[in-house]
Amino acid sequence: MITSQAEGSDWTTTLLRRGPWLTALLTTLACLAGASPRLQFDRDAVWAGEWWRVLSAHFVHYGSAHAIGDIVAFFGWGLVIEAVSRRLFATTTFVACFVVGLGVLSLCPEAQYYAGLSAIDVALATVLLLVLWMSPRVREIPGARFAVGLFAAGHVLKTLYELRTGMAILAPDLGVDVRLLPAAHLFGALAGAAVFVVHRAGERRRR
């Protein structure tokens, strides 16, 4: 009986340390948030003092067409990045939520309402591609860095295309009256790149 309890404790400790529990928690939050108007970004409400909307808006979606791609992508990127470093995943998500939310508030006056994880997905994808590009293990695999470079180029071109056209490549039909805000994806990419630079500098100092 004592052995069984010890094994259970070890399993729990391993899950908490290595399992993607933070990704699972935030993904569940996005699923439960639904289309709550109390959580979406509403410019007038934010200026009236409801500042939580700057963060909570990212976990709200206006319908299944808007939600499915965003949440699945977030879960996928989160699984991989949290396996590399939970701190990196948490920092990227938190910083991107702030940067994108404040960017929309201050630089996109045309956006009265905003919601969705897509800009956070862009930040996570940016971080993961940079991590893979700089990884010594990736460099040891023939052709792996070239493949990462191709994905990175596609990532950049996708963001530029969306800025140019205002259309989402991967989810062109977001639902009735739901339109892409391309600037938010740019904010997400910049936030992800900034987090990676700081993370990389911190790794060098620790070494």
# chains A, B, ... in the order shown; residues from 1 in each chain; ligands from 1

call {"tool": "residues_around", "arguments": {"residues": "region 49-55 of chain A", "least_positions_apart": "2", "cutoff": "8 Å", "atoms": "only C-alpha atoms", "output": "PyMOL selection string"}}
result
chain A and resi 38-42+45-47+57-58+97-98+101-102

call {"tool": "select_by_dssp", "arguments": {"residues": "chain A", "states": "strand (DSSP E)", "output": "list of chain:residue names"}}
result
A:Phe41, A:Asp42, A:Tyr113, A:Tyr114

call {"tool": "closest_residue", "arguments": {"among": "A:Ala24, A:Ala144, A:Ala30, A:Ala183", "to": "Gly76 (chain A)", "atoms": "only C-alpha atoms"}}
result
A:Ala24

call {"tool": "residues_around", "arguments": {"residues": "Val99 (chain A)", "least_positions_apart": "6", "cutoff": "8 Å", "atoms": "only C-alpha atoms", "output": "list in words"}}
result
Phe187, Gly188 and Ala191 of chain A

call {"tool": "write_last_selection", "arguments": {"atoms": "C-alpha atoms", "output": "short mmCIF file (atom, residue, chain, number, x, y, z; two decimals), in the first residue's frame"}}
result
data_model
loop_
_atom_site.label_atom_id
_atom_site.label_comp_id
_atom_site.auth_asym_id
_atom_site.auth_seq_id
_atom_site.Cartn_x
_atom_site.Cartn_y
_atom_site.Cartn_z
CA PHE A 187 1.68 42.43 -32.93
CA GLY A 188 1.70 38.75 -32.05
CA ALA A 191 5.76 39.85 -29.23
#

call {"tool": "residues_around", "arguments": {"residues": "Ala168 (chain A)", "least_positions_apart": "5", "cutoff": "10 Å", "atoms": "only C-alpha atoms", "output": "JSON, numbers by chain"}}
result
{"A": [158, 159, 161, 162, 163, 173, 174, 179, 180, 181, 182]}

call {"tool": "atom_distance", "arguments": {"atom1": "CA of Tyr113 (chain A)", "atom2": "CA of Ala35 (chain A)"}}
result
12.1 Å

call {"tool": "closest_residue", "arguments": {"among": "A:Val178, A:Ala152, A:Val95, A:Val122", "to": "Ala65 (chain A)", "atoms": "only C-alpha atoms"}}
result
A:Val178
